[in-house]
>>> print(open('model.csv').read())   # CSV, C-alpha atoms
chain,number,residue,atom,x,y,z
A,1,MET,CA,-17.2,-6.9,8.0
A,2,GLN,CA,-17.2,-10.7,7.9
A,3,ASP,CA,-18.6,-13.3,10.4
A,4,GLY,CA,-19.9,-10.5,12.7
A,5,SER,CA,-16.4,-9.7,14.0
A,6,ALA,CA,-15.3,-6.2,14.6
A,7,GLU,CA,-13.9,-4.3,11.7
A,8,ARG,CA,-10.2,-3.5,12.0
A,9,VAL,CA,-8.3,-0.7,10.3
A,10,PHE,CA,-4.8,-1.4,8.9
A,11,ARG,CA,-2.3,0.9,7.3
A,12,VAL,CA,-0.6,-1.3,4.7
A,13,THR,CA,2.6,-0.4,2.8
A,14,VAL,CA,3.7,-2.4,-0.2
A,15,ARG,CA,7.3,-1.7,-1.2
A,16,GLY,CA,9.1,-2.9,-4.3
A,17,ARG,CA,11.4,-2.2,-7.2
A,18,PHE,CA,10.7,-1.5,-10.8
A,19,LEU,CA,12.0,-4.1,-13.2
A,20,ASP,CA,12.7,-4.1,-17.0
A,21,LEU,CA,10.7,-0.9,-17.7
A,22,SER,CA,9.9,-0.2,-21.3
A,23,SER,CA,11.0,3.2,-22.6
A,24,LYS,CA,7.3,4.2,-22.7
A,25,ALA,CA,6.8,3.2,-19.1
A,26,ARG,CA,10.0,4.9,-17.9
A,27,SER,CA,9.1,8.1,-19.8
A,28,TYR,CA,5.6,8.1,-18.2
A,29,LEU,CA,7.1,7.7,-14.7
A,30,VAL,CA,9.7,10.4,-15.3
A,31,GLY,CA,7.1,12.8,-16.5
A,32,SER,CA,4.8,12.1,-13.5
A,33,VAL,CA,7.4,11.9,-10.7
A,34,ASP,CA,6.5,15.2,-9.0
A,35,GLU,CA,2.9,14.0,-8.6
A,36,HIS,CA,4.1,10.8,-6.8
A,37,ASP,CA,6.4,12.2,-4.2
A,38,ILE,CA,6.4,10.3,-0.9
A,39,MET,CA,6.0,13.6,1.1
A,40,LYS,CA,2.6,14.2,-0.6
A,41,SER,CA,1.2,10.7,0.0
A,42,GLY,CA,-1.2,9.3,2.5
A,43,TYR,CA,-3.0,6.0,3.4
A,44,THR,CA,-6.2,5.7,1.3
A,45,ALA,CA,-8.6,3.0,0.4
A,46,GLU,CA,-7.6,3.4,-3.3
A,47,GLY,CA,-3.9,3.3,-2.5
A,48,THR,CA,-1.3,6.0,-3.0
A,49,PHE,CA,1.5,5.3,-5.4
A,50,THR,CA,4.9,6.9,-4.8
A,51,TYR,CA,8.3,6.4,-6.2
A,52,ASP,CA,11.8,7.9,-6.2
A,53,LYS,CA,13.3,10.2,-8.8
A,54,ARG,CA,15.7,7.4,-9.9
A,55,ILE,CA,12.7,5.3,-11.0
A,56,ASP,CA,14.0,2.4,-8.9
A,57,PHE,CA,11.9,2.0,-5.7
A,58,PHE,CA,8.2,2.5,-5.2
A,59,ASN,CA,5.6,2.3,-2.4
A,60,PHE,CA,1.9,1.9,-2.3
A,61,ARG,CA,0.0,3.0,0.8
A,62,TYR,CA,-3.4,1.6,1.6
A,63,GLU,CA,-6.0,2.0,4.4
A,64,VAL,CA,-7.7,-1.4,4.6
A,65,ARG,CA,-10.8,-2.0,6.7
A,66,VAL,CA,-11.5,-5.7,7.3
A,67,GLY,CA,-13.1,-8.1,9.8
A,68,GLY,CA,-13.3,-11.9,9.9
A,69,ASP,CA,-11.2,-14.6,11.5
A,70,ASP,CA,-7.9,-13.4,10.1
A,71,PRO,CA,-8.0,-9.7,9.3
A,72,GLU,CA,-4.2,-9.4,9.0
A,73,THR,CA,-4.0,-11.9,6.2
A,74,ALA,CA,-7.0,-10.4,4.5
A,75,ALA,CA,-5.5,-6.9,4.6
A,76,HIS,CA,-2.1,-8.3,3.4
A,77,VAL,CA,-3.7,-10.2,0.5
A,78,HIS,CA,-5.9,-7.2,-0.5
A,79,ALA,CA,-3.1,-4.7,-0.7
A,80,LEU,CA,-0.8,-7.1,-2.5
A,81,ALA,CA,-3.5,-7.9,-5.1
A,82,GLU,CA,-4.3,-4.2,-5.6
A,83,THR,CA,-0.6,-3.4,-6.1
A,84,GLU,CA,0.1,-6.2,-8.5
A,85,GLY,CA,-3.0,-5.4,-10.5
A,86,PHE,CA,-2.1,-1.7,-10.8
A,87,LEU,CA,1.5,-2.4,-11.8
A,88,ARG,CA,0.4,-5.0,-14.5
A,89,THR,CA,-2.3,-2.7,-15.8
A,90,MET,CA,0.2,0.2,-16.2
A,91,GLY,CA,2.8,-2.1,-17.8
A,92,PHE,CA,5.3,-1.6,-15.0
A,93,GLY,CA,7.6,-4.5,-14.4
A,94,PHE,CA,8.3,-5.1,-10.7
A,95,ARG,CA,10.2,-7.3,-8.2
A,96,ASP,CA,10.9,-7.7,-4.5
A,97,LEU,CA,7.4,-6.8,-3.2
A,98,LYS,CA,7.3,-6.6,0.6
A,99,VAL,CA,4.1,-5.9,2.6
A,100,THR,CA,4.1,-4.4,6.1
A,101,LEU,CA,1.0,-3.5,8.0
A,102,VAL,CA,0.1,-1.6,11.2
A,103,ASP,CA,-3.2,-2.4,13.0
A,104,MET,CA,-4.4,1.1,13.7
A,105,SER,CA,-7.4,-0.3,15.6
A,106,ALA,CA,-5.0,-1.8,18.2
A,107,MET,CA,-3.0,1.4,18.5
A,108,TRP,CA,-6.2,3.4,19.1
A,109,ALA,CA,-7.3,1.0,21.8
A,110,ASP,CA,-3.9,0.9,23.7
A,111,PRO,CA,-3.9,3.7,26.3
A,112,ARG,CA,-0.1,3.5,26.4
A,113,LEU,CA,-0.2,4.8,22.8
A,114,GLY,CA,-2.7,7.5,23.4
A,115,GLY,CA,-5.8,5.4,22.6
A,116,HIS,CA,-8.8,4.6,24.7
A,117,SER,CA,-9.6,1.1,25.9
>>> encode(input="model.csv", output="structure tokens")
Amino acid sequence: MQDGSAERVFRVTVRGRFLDLSSKARSYLVGSVDEHDIMKSGYTAEGTFTYDKRIDFFNFRYEVRVGGDDPETAAHVHALAETEGFLRTMGFGFRDLKVTLVDMSAMWADPRLGGHS
């Protein structure tokens, strides 16, 4: 937590497309596709990497806990940096990254959504 503000919990999804994959990178992804099925994924602090069998689109799912004056931006920046770092480390070209986030803390606090105020 930062600045003494309450910690918030976000589910952050980063979506994108692979770009200019080397034959080695594509071969790795093809061989690992069953381990990265979207139906087996969850939101984790480390991030969960999933992609389609066509090796075209991918997703990362993160659970990000942050506080501070602008937690939405902090969660967005964190997930995007983690995703870009992973993709570059693995040698996977990418494009069209899009980040969406859901503030689970707000959902849990909203009685209309089953939360407690």
>>> residues_around(input="model.csv", residues="segment 72-87 of chain A", least_positions_apart="6", cutoff="8 Å", atoms="all atoms listed in the file", output="JSON list (two decimals) with C-alpha atoms, in the coordinates of the input")
[["chain", "number", "residue", "atom", "x", "y", "z"],
["A", 10, "PHE", "CA", -4.80, -1.40, 8.90],
["A", 12, "VAL", "CA", -0.60, -1.30, 4.70],
["A", 13, "THR", "CA", 2.60, -0.40, 2.80],
["A", 14, "VAL", "CA", 3.70, -2.40, -0.20],
["A", 60, "PHE", "CA", 1.90, 1.90, -2.30],
["A", 62, "TYR", "CA", -3.40, 1.60, 1.60],
["A", 64, "VAL", "CA", -7.70, -1.40, 4.60],
["A", 65, "ARG", "CA", -10.80, -2.00, 6.70],
["A", 66, "VAL", "CA", -11.50, -5.70, 7.30],
["A", 93, "GLY", "CA", 7.60, -4.50, -14.40],
["A", 94, "PHE", "CA", 8.30, -5.10, -10.70],
["A", 99, "VAL", "CA", 4.10, -5.90, 2.60],
["A", 100, "THR", "CA", 4.10, -4.40, 6.10],
["A", 101, "LEU", "CA", 1.00, -3.50, 8.00]]
>>> atom_distance(input="model.csv", atom1="atom CA of Leu21 of chain A", atom2="atom CA of Asp34 of chain A")
18.8 Å
>>> closest_residue(input="model.csv", among="A:Arg8, A:Arg17, A:Lys53, A:Arg61", to="Gly31 of chain A", atoms="only C-alpha atoms")
A:Lys53
>>> atom_distance(input="model.csv", atom1="atom CA of Leu19 of chain A", atom2="atom CA of Lys40 of chain A")
24.1 Å
>>> atom_distance(input="model.csv", atom1="atom CA of Glu35 of chain A", atom2="atom CA of Asp96 of chain A")
23.5 Å
>>> decode(input="model.csv", residues="segment 71-91 of chain A", atoms="N, CA and C atoms", output="mmCIF file, in the first residue's frame")
data_model
loop_
_atom_site.group_PDB
_atom_site.id
_atom_site.type_symbol
_atom_site.label_atom_id
_atom_site.label_comp_id
_atom_site.auth_asym_id
_atom_site.auth_seq_id
_atom_site.Cartn_x
_atom_site.Cartn_y
_atom_site.Cartn_z
ATOM 1 N N PRO A 71 -4.768 4.147 -8.058
ATOM 2 C CA PRO A 71 -4.533 2.706 -8.147
ATOM 3 C C PRO A 71 -4.869 2.105 -9.506
ATOM 4 N N GLU A 72 -5.847 2.671 -10.220
ATOM 5 C CA GLU A 72 -6.181 2.146 -11.542
ATOM 6 C C GLU A 72 -4.991 2.248 -12.487
ATOM 7 N N THR A 73 -4.366 3.422 -12.501
ATOM 8 C CA THR A 73 -3.199 3.614 -13.362
ATOM 9 C C THR A 73 -2.056 2.711 -12.923
ATOM 10 N N ALA A 74 -1.844 2.589 -11.619
ATOM 11 C CA ALA A 74 -0.766 1.730 -11.115
ATOM 12 C C ALA A 74 -0.985 0.278 -11.534
ATOM 13 N N ALA A 75 -2.213 -0.213 -11.449
ATOM 14 C CA ALA A 75 -2.519 -1.588 -11.850
ATOM 15 C C ALA A 75 -2.315 -1.764 -13.354
ATOM 16 N N HIS A 76 -2.760 -0.799 -14.125
ATOM 17 C CA HIS A 76 -2.611 -0.831 -15.582
ATOM 18 C C HIS A 76 -1.133 -0.880 -15.966
ATOM 19 N N VAL A 77 -0.343 0.028 -15.411
ATOM 20 C CA VAL A 77 1.085 0.115 -15.733
ATOM 21 C C VAL A 77 1.812 -1.159 -15.319
ATOM 22 N N HIS A 78 1.491 -1.683 -14.141
ATOM 23 C CA HIS A 78 2.135 -2.906 -13.652
ATOM 24 C C HIS A 78 1.874 -4.083 -14.587
ATOM 25 N N ALA A 79 0.620 -4.304 -14.944
ATOM 26 C CA ALA A 79 0.268 -5.450 -15.797
ATOM 27 C C ALA A 79 0.878 -5.311 -17.183
ATOM 28 N N LEU A 80 0.861 -4.113 -17.731
ATOM 29 C CA LEU A 80 1.437 -3.896 -19.054
ATOM 30 C C LEU A 80 2.947 -4.136 -19.044
ATOM 31 N N ALA A 81 3.632 -3.650 -18.023
ATOM 32 C CA ALA A 81 5.080 -3.850 -17.920
ATOM 33 C C ALA A 81 5.426 -5.330 -17.747
ATOM 34 N N GLU A 82 4.663 -6.043 -16.937
ATOM 35 C CA GLU A 82 4.897 -7.482 -16.746
ATOM 36 C C GLU A 82 4.696 -8.240 -18.059
ATOM 37 N N THR A 83 3.645 -7.901 -18.774
ATOM 38 C CA THR A 83 3.351 -8.569 -20.044
ATOM 39 C C THR A 83 4.455 -8.313 -21.060
ATOM 40 N N GLU A 84 4.817 -7.055 -21.247
ATOM 41 C CA GLU A 84 5.863 -6.722 -22.214
ATOM 42 C C GLU A 84 7.185 -7.380 -21.840
ATOM 43 N N GLY A 85 7.517 -7.387 -20.546
ATOM 44 C CA GLY A 85 8.746 -8.017 -20.100
ATOM 45 C C GLY A 85 8.775 -9.506 -20.399
ATOM 46 N N PHE A 86 7.673 -10.188 -20.130
ATOM 47 C CA PHE A 86 7.594 -11.629 -20.402
ATOM 48 C C PHE A 86 7.741 -11.903 -21.894
ATOM 49 N N LEU A 87 6.973 -11.186 -22.703
ATOM 50 C CA LEU A 87 6.998 -11.419 -24.138
ATOM 51 C C LEU A 87 8.391 -11.175 -24.729
ATOM 52 N N ARG A 88 9.048 -10.118 -24.276
ATOM 53 C CA ARG A 88 10.400 -9.822 -24.774
ATOM 54 C C ARG A 88 11.397 -10.881 -24.301
ATOM 55 N N THR A 89 11.295 -11.281 -23.052
ATOM 56 C CA THR A 89 12.198 -12.311 -22.517
ATOM 57 C C THR A 89 12.058 -13.612 -23.293
ATOM 58 N N MET A 90 10.844 -13.971 -23.646
ATOM 59 C CA MET A 90 10.598 -15.211 -24.377
ATOM 60 C C MET A 90 10.885 -15.079 -25.873
ATOM 61 N N GLY A 91 11.109 -13.861 -26.345
ATOM 62 C CA GLY A 91 11.369 -13.650 -27.764
ATOM 63 C C GLY A 91 10.125 -13.708 -28.619
#
